[in-house]
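Novice: Input file: start.cif. Contents: mmCIF, C-alpha atoms.
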```
data_structure
loop_
_atom_site.label_atom_id
_atom_site.label_comp_id
_atom_site.auth_asym_id
_atom_site.auth_seq_id
_atom_site.Cartn_x
_atom_site.Cartn_y
_atom_site.Cartn_z
CA MET A 1494 266.14 -182.59 -67.11
CA ARG A 1495 263.54 -184.91 -65.59
CA CYS A 1496 262.58 -182.22 -63.01
CA TYR A 1497 261.96 -179.68 -65.79
CA LEU A 1498 259.82 -182.19 -67.65
CA HIS A 1499 257.69 -182.87 -64.57
CA ALA A 1500 257.26 -179.15 -63.99
CA PHE A 1501 256.23 -178.65 -67.61
CA LEU A 1502 253.65 -181.43 -67.43
CA LEU A 1503 252.20 -180.03 -64.20
CA CYS A 1504 251.89 -176.60 -65.80
CA MET A 1505 250.10 -178.11 -68.81
CA VAL A 1506 247.64 -179.96 -66.57
CA PHE A 1507 246.96 -176.86 -64.50
CA THR A 1508 246.41 -174.76 -67.65
CA PHE A 1509 244.01 -177.35 -69.09
CA PHE A 1510 241.79 -177.44 -65.99
CA SER A 1511 241.88 -173.63 -65.67
CA LEU A 1512 240.66 -173.23 -69.24
CA LEU A 1513 238.00 -175.87 -68.67
CA TYR A 1514 236.71 -174.00 -65.61
CA VAL A 1515 236.67 -170.63 -67.43
CA PHE A 1516 234.71 -172.04 -70.39
CA ASN A 1517 232.25 -173.72 -68.01
CA GLN A 1518 231.55 -170.47 -66.16
CA LEU A 1519 231.24 -168.55 -69.43
CA ALA A 1520 228.74 -171.04 -70.79
CA SER A 1521 226.71 -170.87 -67.58
CA THR A 1522 226.60 -167.07 -67.69
CA LEU A 1523 225.56 -166.97 -71.34
CA GLU A 1524 222.83 -169.54 -70.67
CA ASP A 1525 221.41 -167.44 -67.82
CA ARG A 1526 221.47 -164.31 -69.96
CA ASP A 1527 219.77 -166.04 -72.88
CA ARG A 1528 217.02 -167.33 -70.59
CA SER A 1529 216.52 -163.91 -69.05
CA SER A 1530 216.41 -162.22 -72.45
CA HIS A 1531 213.90 -164.76 -73.73
CA ASP A 1532 211.62 -164.34 -70.70
CA THR A 1533 211.50 -160.58 -70.57
CA GLY A 1534 212.39 -159.27 -73.99
CA ASN A 1535 215.49 -157.26 -74.75
CA LEU A 1536 213.66 -154.23 -76.04
CA LEU A 1537 211.55 -153.82 -72.91
CA ARG A 1538 214.50 -154.40 -70.60
CA LYS A 1539 216.55 -151.64 -72.27
CA MET A 1540 213.83 -149.04 -71.93
CA PRO A 1541 213.43 -146.98 -68.76
CA GLY A 1542 209.76 -147.80 -68.39
CA LEU A 1543 208.04 -150.68 -66.67
CA ALA A 1544 208.41 -154.37 -66.97
CA GLY A 1545 205.66 -154.52 -64.36
CA ARG A 1546 204.54 -157.22 -61.95
CA ARG A 1547 202.56 -160.34 -62.53
CA ASP A 1548 199.75 -161.61 -60.38
CA ARG A 1549 200.71 -163.41 -57.22
CA GLU A 1550 199.04 -166.56 -58.43
CA GLU A 1551 201.17 -166.57 -61.58
CA THR A 1552 204.25 -165.97 -59.45
CA LEU A 1553 203.49 -169.00 -57.30
CA ASP A 1554 202.87 -171.17 -60.36
CA ARG A 1555 206.19 -170.35 -61.94
CA CYS A 1556 208.29 -170.84 -58.79
CA LYS A 1557 210.88 -173.55 -59.06
CA SER A 1558 213.43 -175.04 -56.70
CA LEU A 1559 217.13 -174.77 -57.37
CA SER A 1560 220.05 -175.48 -55.12
CA VAL A 1561 222.19 -172.54 -54.10
CA SER A 1562 225.93 -172.75 -53.72
CA TYR A 1563 228.99 -170.53 -53.73
CA TRP A 1564 229.00 -170.67 -57.52
CA ASN A 1565 225.26 -170.20 -57.80
CA PRO A 1566 224.42 -167.27 -55.46
CA TYR A 1567 220.99 -165.69 -55.26
CA TRP A 1568 221.65 -162.92 -57.79
CA ARG A 1569 222.56 -165.43 -60.52
CA LEU A 1570 219.45 -167.53 -60.20
CA PRO A 1571 217.12 -167.57 -63.22
CA ALA A 1572 214.07 -165.33 -63.10
CA ASP A 1573 211.77 -168.30 -62.54
CA VAL A 1574 213.31 -169.23 -59.19
CA CYS A 1575 211.78 -167.67 -56.10
CA GLY A 1576 213.71 -165.78 -53.46
CA VAL A 1577 212.80 -168.25 -50.70
CA ASN A 1578 215.36 -170.64 -52.19
CA CYS A 1579 218.12 -168.04 -52.17
CA LEU A 1580 220.74 -166.82 -49.74
CA LEU A 1581 218.42 -164.04 -48.68
CA GLU A 1582 216.49 -164.45 -45.48
CA PRO A 1583 212.91 -165.52 -46.34
CA SER A 1584 210.67 -162.76 -47.64
CA PHE A 1585 207.02 -162.91 -46.70
CA ARG A 1586 204.79 -161.40 -49.31
CA GLU A 1587 201.15 -160.51 -49.00
CA ARG A 1588 199.02 -158.89 -51.64
CA SER A 1589 195.97 -157.03 -50.45
CA GLY A 1590 192.55 -158.25 -51.46
CA SER A 1591 191.89 -154.72 -52.64
CA ALA A 1592 194.28 -155.09 -55.54
CA VAL A 1593 194.03 -152.78 -58.49
CA LYS A 1594 192.49 -154.39 -61.53
CA GLU A 1595 194.97 -155.19 -64.25
CA ARG A 1596 195.33 -152.26 -66.63
CA SER A 1597 197.43 -151.54 -69.66
CA ASP A 1598 198.83 -148.54 -67.76
CA GLU A 1599 200.46 -150.03 -64.68
CA GLY A 1600 201.21 -146.69 -63.08
CA SER A 1601 204.12 -146.01 -60.74
CA HIS A 1602 206.07 -148.46 -58.59
CA LEU A 1603 207.07 -147.14 -55.17
CA ALA A 1604 209.16 -148.84 -52.45
CA VAL A 1605 209.70 -147.93 -48.81
CA VAL A 1606 211.56 -149.55 -45.91
CA ALA A 1607 210.06 -149.27 -42.42
CA CYS A 1608 211.63 -150.41 -39.15
CA GLY A 1609 211.03 -149.47 -35.55
CA PRO A 1610 208.49 -146.70 -34.78
CA ARG A 1611 207.97 -145.76 -38.43
CA LEU A 1612 204.52 -147.23 -39.03
CA GLU A 1613 202.46 -144.04 -38.82
CA GLU A 1614 205.05 -142.00 -40.69
CA THR A 1615 205.09 -144.54 -43.53
CA LEU A 1616 201.30 -144.64 -43.72
CA THR A 1617 201.20 -140.85 -43.94
CA MET A 1618 203.71 -140.96 -46.79
CA LEU A 1619 201.59 -143.55 -48.62
CA LYS A 1620 198.50 -141.46 -47.95
CA SER A 1621 200.10 -138.41 -49.57
CA ALA A 1622 200.95 -140.52 -52.61
CA VAL A 1623 197.38 -141.78 -52.95
CA LEU A 1624 195.67 -138.43 -52.35
CA PHE A 1625 197.11 -136.59 -55.34
CA SER A 1626 197.97 -139.31 -57.86
CA LYS A 1627 195.64 -140.05 -60.75
CA LYS A 1628 197.32 -143.18 -62.08
CA PRO A 1629 197.53 -146.57 -60.33
CA LEU A 1630 200.18 -147.00 -57.65
CA ASN A 1631 202.07 -150.17 -56.75
CA PHE A 1632 203.53 -150.12 -53.24
CA TYR A 1633 206.40 -152.40 -52.12
CA ILE A 1634 206.58 -152.18 -48.33
CA PHE A 1635 209.64 -153.71 -46.66
CA ALA A 1636 209.02 -153.91 -42.93
CA GLU A 1637 209.93 -155.81 -39.80
CA ASP A 1638 207.69 -158.83 -39.29
CA ASN A 1639 205.92 -157.36 -36.26
CA LEU A 1640 204.69 -154.46 -38.44
CA HIS A 1641 203.12 -156.57 -41.20
CA ASP A 1642 199.67 -156.94 -39.64
CA SER A 1643 199.55 -153.27 -38.72
CA PHE A 1644 200.32 -152.20 -42.27
CA ARG A 1645 197.84 -154.63 -43.75
CA ASN A 1646 195.03 -153.67 -41.36
CA ALA A 1647 195.61 -149.95 -41.83
CA LEU A 1648 195.66 -150.07 -45.63
CA ASP A 1649 192.66 -152.39 -45.77
CA SER A 1650 190.74 -149.96 -43.55
CA TRP A 1651 191.04 -147.12 -46.04
CA PRO A 1652 187.83 -146.37 -48.01
CA ARG A 1653 187.13 -148.65 -50.93
CA THR A 1654 187.35 -145.78 -53.38
CA ILE A 1655 190.90 -145.11 -52.15
CA GLN A 1656 191.92 -148.77 -52.17
CA LYS A 1657 191.07 -148.98 -55.86
CA LYS A 1658 193.90 -146.57 -56.57
CA PHE A 1659 196.73 -148.75 -55.30
CA ASN A 1660 198.17 -152.21 -54.98
CA PHE A 1661 200.49 -153.19 -52.13
CA THR A 1662 202.90 -155.99 -51.30
CA ILE A 1663 204.55 -156.49 -47.91
CA TYR A 1664 208.04 -157.96 -47.63
CA SER A 1665 210.19 -158.96 -44.69
CA ILE A 1666 213.52 -157.24 -44.24
CA SER A 1667 216.13 -159.42 -45.91
CA PHE A 1668 219.88 -159.24 -46.43
CA PRO A 1669 222.47 -161.71 -47.77
CA ARG A 1670 222.84 -164.17 -44.92
CA ASP A 1671 226.61 -164.19 -44.81
CA ASN A 1672 226.71 -160.48 -43.97
CA ALA A 1673 223.21 -159.82 -42.66
CA ASN A 1674 224.22 -158.41 -39.27
CA GLU A 1675 226.74 -156.05 -40.79
CA TRP A 1676 224.20 -154.64 -43.23
CA LYS A 1677 221.50 -154.35 -40.55
CA LYS A 1678 223.77 -152.26 -38.32
CA LEU A 1679 224.81 -149.88 -41.11
CA PHE A 1680 223.63 -146.34 -40.24
CA LYS A 1681 219.98 -146.80 -39.14
CA PRO A 1682 218.20 -150.16 -38.73
CA CYS A 1683 217.17 -151.54 -42.12
CA ALA A 1684 218.32 -148.42 -43.99
CA SER A 1685 220.67 -150.38 -46.26
CA GLN A 1686 217.78 -152.58 -47.45
CA ARG A 1687 217.33 -150.18 -50.37
CA LEU A 1688 220.68 -151.28 -51.80
CA PHE A 1689 219.29 -154.79 -52.35
CA LEU A 1690 215.96 -153.86 -53.94
CA PRO A 1691 217.25 -154.51 -57.49
CA LEU A 1692 218.27 -158.01 -56.41
CA ILE A 1693 215.03 -158.81 -54.59
CA LEU A 1694 212.47 -157.23 -56.94
CA LYS A 1695 213.89 -158.88 -60.03
CA GLU A 1696 210.61 -158.64 -61.94
CA VAL A 1697 210.35 -154.87 -61.51
CA ASP A 1698 211.99 -152.84 -64.23
CA SER A 1699 211.81 -149.36 -62.69
CA LEU A 1700 211.20 -148.24 -59.12
CA LEU A 1701 210.90 -145.11 -57.03
CA TYR A 1702 212.41 -145.60 -53.57
CA VAL A 1703 211.56 -143.06 -50.86
CA ASP A 1704 212.35 -142.75 -47.16
CA THR A 1705 209.47 -142.99 -44.69
CA ASP A 1706 209.68 -139.25 -43.96
CA ILE A 1707 208.70 -138.22 -47.49
CA LEU A 1708 205.50 -136.35 -48.36
CA PHE A 1709 204.25 -136.02 -51.92
CA LEU A 1710 202.76 -132.62 -52.67
CA GLN A 1711 201.92 -133.52 -56.25
CA PRO A 1712 201.10 -136.75 -58.12
CA VAL A 1713 203.70 -139.52 -57.98
CA GLU A 1714 203.48 -139.87 -61.75
CA GLU A 1715 205.19 -136.48 -62.09
CA ILE A 1716 208.49 -137.77 -60.71
CA TRP A 1717 207.90 -141.11 -62.42
CA ALA A 1718 207.88 -139.23 -65.74
CA LEU A 1719 211.52 -138.27 -65.17
CA LEU A 1720 212.39 -141.76 -66.37
CA THR A 1721 211.68 -140.52 -69.87
CA ARG A 1722 214.50 -138.00 -69.49
CA PHE A 1723 217.10 -140.68 -68.91
CA ASN A 1724 219.67 -140.98 -71.66
CA ALA A 1725 221.21 -144.29 -72.68
CA SER A 1726 223.68 -144.20 -69.75
CA HIS A 1727 221.40 -143.15 -66.91
CA LEU A 1728 220.22 -145.83 -64.48
CA ALA A 1729 219.29 -143.80 -61.39
CA ALA A 1730 218.21 -140.29 -60.42
CA MET A 1731 218.71 -138.37 -57.18
CA ALA A 1732 218.93 -134.79 -55.93
CA PRO A 1733 222.08 -133.06 -54.66
CA GLU A 1734 222.73 -133.30 -50.93
CA HIS A 1735 223.22 -129.53 -50.76
CA GLU A 1736 222.74 -126.53 -53.01
CA GLU A 1737 225.06 -124.28 -51.05
CA PRO A 1738 228.64 -125.62 -50.71
CA ARG A 1739 229.33 -123.41 -47.70
CA ILE A 1740 226.92 -125.52 -45.62
CA GLY A 1741 227.54 -128.79 -47.45
CA TRP A 1742 228.51 -131.87 -45.48
CA TYR A 1743 230.31 -134.02 -48.01
CA ASN A 1744 232.58 -131.28 -49.38
CA ARG A 1745 233.58 -130.27 -45.84
CA PHE A 1746 233.72 -133.49 -43.84
CA ALA A 1747 233.57 -136.63 -46.02
CA ARG A 1748 236.51 -139.05 -45.82
CA HIS A 1749 235.52 -140.92 -48.94
CA PRO A 1750 234.73 -140.11 -52.60
CA TYR A 1751 231.34 -138.54 -53.29
CA TYR A 1752 229.35 -137.44 -56.32
CA GLY A 1753 229.79 -133.95 -57.77
CA LYS A 1754 230.44 -130.87 -55.66
CA THR A 1755 228.24 -131.58 -52.65
CA GLY A 1756 227.21 -135.26 -52.93
CA ILE A 1757 223.74 -136.73 -53.48
CA ASN A 1758 220.86 -137.51 -51.14
CA SER A 1759 219.26 -140.94 -51.46
CA GLY A 1760 215.98 -140.22 -49.65
CA VAL A 1761 214.25 -140.00 -53.02
CA MET A 1762 215.80 -142.35 -55.55
CA LEU A 1763 214.37 -143.17 -58.97
CA MET A 1764 215.88 -146.29 -60.54
CA ASN A 1765 215.85 -148.16 -63.80
CA MET A 1766 216.66 -151.42 -62.04
CA THR A 1767 217.03 -153.43 -65.23
CA ARG A 1768 219.91 -151.21 -66.28
CA LEU A 1769 221.28 -151.22 -62.76
CA ARG A 1770 221.35 -155.02 -62.67
CA GLU A 1771 223.08 -155.21 -66.05
CA LYS A 1772 225.65 -152.46 -65.51
CA PHE A 1773 229.33 -153.17 -64.87
CA PHE A 1774 230.51 -150.46 -62.47
CA LYS A 1775 233.95 -148.88 -62.47
CA ASN A 1776 235.48 -148.86 -59.00
CA ASP A 1777 238.64 -148.04 -57.07
CA MET A 1778 239.12 -151.59 -55.73
CA THR A 1779 240.04 -153.40 -58.93
CA THR A 1780 240.62 -152.68 -62.61
CA VAL A 1781 237.75 -155.07 -63.37
CA ALA A 1782 234.27 -153.52 -63.58
CA LEU A 1783 231.82 -155.18 -61.19
CA ARG A 1784 228.09 -155.80 -61.23
CA TRP A 1785 225.83 -154.30 -58.56
CA GLU A 1786 225.70 -157.47 -56.47
CA GLU A 1787 229.49 -157.85 -56.71
CA ILE A 1788 230.45 -154.33 -55.69
CA LEU A 1789 228.41 -153.75 -52.52
CA MET A 1790 230.22 -155.89 -49.94
CA PRO A 1791 233.79 -155.09 -51.08
CA LEU A 1792 232.88 -151.41 -51.04
CA LEU A 1793 231.56 -151.65 -47.50
CA GLN A 1794 234.65 -153.52 -46.35
CA LYS A 1795 236.92 -150.86 -47.79
CA TYR A 1796 235.11 -147.78 -46.53
CA LYS A 1797 233.16 -148.89 -43.44
CA LEU A 1798 235.49 -146.98 -41.11
CA ASN A 1799 235.18 -143.81 -43.18
CA ILE A 1800 231.46 -143.55 -43.87
CA THR A 1801 228.94 -141.69 -41.71
CA TRP A 1802 225.62 -141.91 -43.54
CA GLY A 1803 225.74 -145.62 -44.34
CA ASP A 1804 224.21 -146.72 -47.62
CA GLN A 1805 223.93 -143.14 -48.89
CA ASP A 1806 227.70 -142.84 -48.64
CA LEU A 1807 228.13 -146.07 -50.59
CA LEU A 1808 225.87 -144.70 -53.33
CA ASN A 1809 227.97 -141.53 -53.42
CA ILE A 1810 231.12 -143.58 -53.85
CA ILE A 1811 229.61 -145.68 -56.64
CA PHE A 1812 228.36 -142.69 -58.63
CA HIS A 1813 231.58 -140.77 -58.04
CA GLN A 1814 233.24 -143.54 -60.03
CA ASN A 1815 230.34 -143.75 -62.53
CA PRO A 1816 229.00 -140.18 -62.91
CA GLU A 1817 227.61 -140.86 -66.39
CA SER A 1818 225.09 -143.27 -64.85
CA LEU A 1819 223.32 -140.70 -62.65
CA TYR A 1820 220.59 -138.26 -63.63
CA VAL A 1821 220.47 -135.38 -61.14
CA PHE A 1822 217.03 -133.85 -60.59
CA PRO A 1823 216.49 -130.45 -58.92
CA CYS A 1824 216.11 -129.86 -55.20
CA GLN A 1825 212.33 -129.30 -55.23
CA TRP A 1826 211.97 -133.08 -55.77
CA ASN A 1827 213.69 -133.68 -52.40
CA TYR A 1828 213.19 -130.54 -50.32
CA ARG A 1829 214.71 -130.76 -46.84
CA PRO A 1830 215.24 -128.39 -43.88
CA ASP A 1831 218.74 -127.73 -45.23
CA HIS A 1832 217.11 -125.85 -48.10
CA CYS A 1833 215.55 -123.23 -45.83
CA ILE A 1834 217.09 -123.45 -42.35
CA TYR A 1835 219.48 -120.54 -43.05
CA GLY A 1836 217.27 -118.93 -45.68
CA SER A 1837 215.97 -120.30 -48.96
CA ASN A 1838 218.69 -121.83 -51.14
CA CYS A 1839 216.64 -123.99 -53.55
CA GLN A 1840 216.07 -121.76 -56.56
CA GLN A 1841 213.84 -124.24 -58.37
CA ALA A 1842 211.49 -124.39 -55.37
CA ASP A 1843 211.46 -120.59 -55.20
CA GLN A 1844 210.20 -120.54 -58.78
CA GLU A 1845 207.90 -123.58 -58.93
CA GLY A 1846 207.22 -124.60 -55.35
CA VAL A 1847 208.11 -127.78 -53.45
CA PHE A 1848 207.18 -131.02 -55.20
CA ILE A 1849 208.31 -133.53 -52.55
CA LEU A 1850 208.91 -132.66 -48.90
CA HIS A 1851 211.57 -134.61 -46.99
CA GLY A 1852 211.36 -134.19 -43.22
CA ASN A 1853 214.66 -135.77 -42.28
CA ARG A 1854 216.22 -135.51 -38.81
CA GLY A 1855 212.81 -136.18 -37.25
CA VAL A 1856 211.41 -132.70 -37.92
CA TYR A 1857 207.85 -134.05 -38.29
CA HIS A 1858 207.91 -135.06 -34.64
CA ASP A 1859 209.65 -132.19 -32.81
CA ASN A 1860 209.37 -128.41 -32.73
CA LYS A 1861 212.62 -127.56 -34.49
CA GLN A 1862 210.94 -126.98 -37.87
CA PRO A 1863 207.24 -126.35 -37.18
CA ALA A 1864 206.48 -125.66 -40.86
CA PHE A 1865 207.51 -129.19 -41.82
CA ARG A 1866 205.56 -130.63 -38.92
CA ALA A 1867 202.48 -128.65 -39.94
CA VAL A 1868 202.42 -130.20 -43.41
CA TYR A 1869 202.88 -133.69 -41.99
CA GLU A 1870 200.08 -133.33 -39.45
CA ALA A 1871 197.71 -131.78 -41.98
CA ILE A 1872 198.02 -134.79 -44.30
CA GLN A 1873 198.00 -137.27 -41.41
CA LYS A 1874 194.79 -135.86 -39.90
CA TYR A 1875 192.92 -135.24 -43.15
CA PRO A 1876 189.81 -137.51 -43.31
CA PHE A 1877 189.47 -139.36 -46.60
CA GLY A 1878 186.54 -138.13 -48.64
CA GLU A 1879 186.37 -134.64 -47.15
CA ASN A 1880 186.86 -131.53 -49.27
CA MET A 1881 190.64 -131.16 -49.49
CA GLU A 1882 190.56 -127.40 -49.82
CA THR A 1883 188.57 -126.81 -46.64
CA SER A 1884 189.76 -129.83 -44.62
CA LEU A 1885 193.43 -129.90 -45.59
CA LEU A 1886 194.70 -126.79 -47.37
CA GLN A 1887 193.01 -124.03 -45.38
CA PRO A 1888 193.82 -125.47 -41.92
CA LEU A 1889 197.40 -126.00 -43.08
CA GLU A 1890 197.77 -122.41 -44.27
CA ALA A 1891 196.45 -121.16 -40.94
CA VAL A 1892 199.03 -123.17 -39.00
CA LEU A 1893 201.86 -122.14 -41.34
CA GLN A 1894 201.12 -118.51 -40.53
CA THR A 1895 202.27 -119.23 -36.96
CA THR A 1896 205.66 -120.56 -38.09
CA THR A 1897 207.10 -117.38 -39.60
CA HIS A 1898 209.51 -116.98 -36.67
CA THR A 1899 211.68 -119.62 -38.40
CA TYR A 1900 213.42 -119.32 -41.76
CA CYS A 1901 211.59 -122.37 -43.11
CA GLY A 1902 208.30 -120.90 -41.89
CA ARG A 1903 208.99 -117.76 -43.90
CA SER A 1904 209.40 -119.99 -46.97
CA SER A 1905 206.31 -122.06 -46.20
CA HIS A 1906 204.37 -120.56 -49.10
CA LEU A 1907 206.62 -122.78 -51.22
CA PHE A 1908 205.12 -125.83 -49.44
CA THR A 1909 201.59 -124.96 -50.51
CA LYS A 1910 202.26 -123.58 -53.98
CA ARG A 1911 202.25 -126.94 -55.76
CA LEU A 1912 199.93 -128.48 -53.16
CA LYS A 1913 197.20 -126.01 -54.16
CA GLN A 1914 197.53 -127.04 -57.80
CA SER A 1915 197.36 -130.72 -56.88
CA ILE A 1916 194.21 -130.22 -54.80
CA MET A 1917 192.53 -128.15 -57.50
CA SER A 1918 193.32 -130.82 -60.10
CA VAL A 1919 191.88 -133.62 -57.93
CA GLN A 1920 188.72 -131.62 -57.24
CA GLN A 1921 188.23 -130.80 -60.91
CA ASP A 1922 188.48 -134.48 -61.78
CA ALA A 1923 185.97 -135.33 -59.04
CA THR A 1924 183.56 -132.69 -60.36
CA GLN A 1925 183.83 -134.01 -63.92
CA ARG A 1926 183.17 -137.57 -62.76
CA GLY A 1927 180.25 -136.41 -60.65
#
```
Could you rewrite the structure in this file as structure tokens?

Specialist:
Amino acid sequence: MRCYLHAFLLCMVFTFFSLLYVFNQLASTLEDRDRSSHDTGNLLRKMPGLAGRRDREETLDRCKSLSVSYWNPYWRLPADVCGVNCLLEPSFRERSGSAVKERSDEGSHLAVVACGPRLEETLTMLKSAVLFSKKPLNFYIFAEDNLHDSFRNALDSWPRTIQKKFNFTIYSISFPRDNANEWKKLFKPCASQRLFLPLILKEVDSLLYVDTDILFLQPVEEIWALLTRFNASHLAAMAPEHEEPRIGWYNRFARHPYYGKTGINSGVMLMNMTRLREKFFKNDMTTVALRWEEILMPLLQKYKLNITWGDQDLLNIIFHQNPESLYVFPCQWNYRPDHCIYGSNCQQADQEGVFILHGNRGVYHDNKQPAFRAVYEAIQKYPFGENMETSLLQPLEAVLQTTTHTYCGRSSHLFTKRLKQSIMSVQQDATQRG
């Protein structure tokens, strides 16, 4: 009888401390949420638009120190604590002196991750964004430390009239320290950095992430406007990986779950990061829904031997389990060689032209797809301030005429269809201002 009594008392003590711990954690979580809601405003955080960025000086003023522990990881820190105190590797940030003046319309927010020999390719992407956009642009450049000065010097060398159109911030590559090496080695160097953007850029409500090999053929604000098409469940938007299942990769070779019939491509990814941070994601690892920061590492551990395309595969798995959260935009917003290599298979591009060109597999730098390379080199070599019709469009059309021996070359009129409209619009605006 005495043994049973001792066991009962031990159970009561254990239950008491368990309940005490649960209530303590619940109170801590509610406190953090209340503070976050008070700082940002619930209405703004629920909408798919911008929360925007504050000046760097204001950011420095509001930085506070807070110890970090197992129970207080970096993603649970209040909004007024800076990332340098977190479990992330330190992020160096530099705002250009040519910052855009504060405006009521903050424009689009665009992020890119550059590692290795991607400097010139990234600058050409940014150049294409600036050339055709009419609203302010905010660039978030995540790059290896040895590239910081090169980015800063290049962007500061652009004409003053061009610099007035954009704002830029440079960040170091940073991953959770406990698993940094594993994330760095996933697929290509630094590629998985995009998965952590919602956790690093906590003040940014919505963001357009693009790969370095992207070229905008129309204003960035056009894809930014797709945020207004999100319903209450949508928190991200991407294009299908393939339009034609017979040449699809995921439906033929994937050894893991993927979104839809042919998967999604993450080279152009529009995000409402506020919703993404707040969402509890269904998953196949536990019956408990997990937040973004909670799901990434367990997902990698489960599928790391079965994934080929790194972070893109992880995104496919997540949205396979949460299809209601993804808005799928058409292929002309992420037009790749796969859409023309065996003949045109992007119907929307056939009708309206290519909006965003994605030169994956290095086609800007070899001779496998000369039409893609021609567009890249035309934008890269275009001198700021020159007439875009005579110095960009006409030379490009002449080169494209020499690429008709390839299937993509025969579809190259789709590359210039929307580009012509963008150039005409920019020139009309310049004439009206003049």

Novice: Where does the PyMOL selection byres ((chain A and resi 1918-1923) around 9) land in this file, that is, which residues does it pick, as a list in words?

Specialist: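 Applied to this file, the PyMOL selection byres ((chain A and resi 1918-1923) around 9) selects Leu1624, Phe1625, Ser1626, Lys1627, Asn1880, Met1881, Glu1882, Lys1913, Gln1914, Ser1915, Ile1916, Met1917, Thr1924, Gln1925, Arg1926 and Gly1927 of chain A.
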
Novice: By how many Å are CA of Trp1676 (chain A) and CA of Tyr1820 (chain A) apart?

Specialist: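 Distance reported for this atom pair: 26.4 Å.
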
Novice: What does the PyMOL selection byres ((chain A and resi 1636) around 10) select in this file, as an MDAnalysis selection string?

Specialist: chainID A and resid 1585 1605:1609 1611:1612 1633:1635 1637:1641 1644 1663:1667 1683 1686

Novice: Would you compute an axis-aligned box for region 1904-1921 of chain A, covering every atom listed for it in the file with 4 Å of margin on each side, and report centre and edge lengths in Å to one decimal as lines of an AutoDock Vina configuration file?

Specialist:
```
center_x = 198.8
center_y = -126.8
center_z = -53.6
size_x = 29.2
size_y = 21.6
size_z = 22.7
```

Novice: Could you state the separation of CA of Ser1837 (chain A) and CA of Arg1903 (chain A) in Å, given to one decimal place?

Specialist: 9.0 Å

Novice: Using only C-alpha atoms, find all polymer residues with an atom at most 8 Å away from the point (207.6, -134.5, -46.0); report them as a PDB file with C-alpha atoms, in the frame of the given file.

Specialist:
```pdb
ATOM      1  CA  MET A1618     203.710-140.960 -46.790  1.00  0.00           C
ATOM      2  CA  ASP A1706     209.680-139.250 -43.960  1.00  0.00           C
ATOM      3  CA  ILE A1707     208.700-138.220 -47.490  1.00  0.00           C
ATOM      4  CA  LEU A1708     205.500-136.350 -48.360  1.00  0.00           C
ATOM      5  CA  PHE A1709     204.250-136.020 -51.920  1.00  0.00           C
ATOM      6  CA  ILE A1849     208.310-133.530 -52.550  1.00  0.00           C
ATOM      7  CA  LEU A1850     208.910-132.660 -48.900  1.00  0.00           C
ATOM      8  CA  HIS A1851     211.570-134.610 -46.990  1.00  0.00           C
ATOM      9  CA  GLY A1852     211.360-134.190 -43.220  1.00  0.00           C
ATOM     10  CA  TYR A1857     207.850-134.050 -38.290  1.00  0.00           C
ATOM     11  CA  PHE A1865     207.510-129.190 -41.820  1.00  0.00           C
ATOM     12  CA  VAL A1868     202.420-130.200 -43.410  1.00  0.00           C
ATOM     13  CA  TYR A1869     202.880-133.690 -41.990  1.00  0.00           C
TER      14      TYR A1869
END
```

Novice: Kindly assemble as CSV a list of the region 1873-1917 of chain A residues that lie within 12 Å of region 1647-1654 of chain A, each paired with its nearest atom pair and their distance in Å to one decimal, using only C-alpha atoms, sorted first by chain and then by ascending residue number.

Specialist:
```
residue,atom,partner,partner_atom,distance
A:Pro1876,CA,A:Trp1651,CA,10.1
A:Phe1877,CA,A:Pro1652,CA,7.3
A:Gly1878,CA,A:Pro1652,CA,8.4
A:Glu1879,CA,A:Pro1652,CA,11.9
```

Novice: Using only C-alpha atoms, can you tell me which of A:Leu1694, A:Leu1798, A:Val1623, A:Ile1811 comes closest to Asn1660 (chain A)?

Specialist: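 Once distances to Asn1660 (chain A) are computed over only C-alpha atoms, the minimum belongs to A:Val1623.
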
Novice: Between A:Met1766, A:Leu1783, A:Ala1732, A:Ile1800, which residue has the minimum interatomic distance to Ala1747 (chain A), considering only C-alpha atoms?

Specialist: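 Smallest separation from Ala1747 (chain A) among the options: A:Ile1800.
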
Novice: Work out how far apart CA of Ile1693 (chain A) and CA of Phe1668 (chain A) are and give it in Å to one decimal.

Specialist: 9.5 Å

Novice: For Arg1911 (chain A), which residue among A:Pro1816, A:Pro1863, A:Gly1846, A:Gly1741 is the nearest when counting only C-alpha atoms?

Specialist: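 Answer, going by the shortest atom-to-atom distance: A:Gly1846.
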
Novice: Hey, what comes out of the PyMOL selection byres ((chain A and resi 1774) around 10) on this file? Could you write it as a ChimeraX atom specification?

Specialist: /A:1769,1771-1773,1775-1776,1781-1785,1787-1788,1811-1812,1814-1815,1818

Novice: With only C-alpha atoms as the basis for distance, which of A:Leu1889, A:Ala1867, A:Leu1819, A:Met1764 is at the shortest distance from His1727 (chain A)?

Specialist: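 Counting only C-alpha atoms, the residue closest to His1727 (chain A) is A:Leu1819.
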
Novice: Give me the residues near Thr1801 (chain A) as a CSV table (one decimal) with C-alpha atoms, keeping the file's coordinate frame, where near means some atom within 12 Å (using all atoms listed in the file) and where sequence neighbours in that chain fewer than 4 positions away do not count.

Specialist:
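Below you can see out-v1.csv, which holds the result:
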```csv
chain,number,residue,atom,x,y,z
A,1679,LEU,CA,224.8,-149.9,-41.1
A,1680,PHE,CA,223.6,-146.3,-40.2
A,1681,LYS,CA,220.0,-146.8,-39.1
A,1742,TRP,CA,228.5,-131.9,-45.5
A,1743,TYR,CA,230.3,-134.0,-48.0
A,1746,PHE,CA,233.7,-133.5,-43.8
A,1747,ALA,CA,233.6,-136.6,-46.0
A,1748,ARG,CA,236.5,-139.0,-45.8
A,1749,HIS,CA,235.5,-140.9,-48.9
A,1793,LEU,CA,231.6,-151.6,-47.5
A,1796,TYR,CA,235.1,-147.8,-46.5
A,1797,LYS,CA,233.2,-148.9,-43.4
A,1805,GLN,CA,223.9,-143.1,-48.9
A,1806,ASP,CA,227.7,-142.8,-48.6
A,1807,LEU,CA,228.1,-146.1,-50.6
A,1809,ASN,CA,228.0,-141.5,-53.4
```
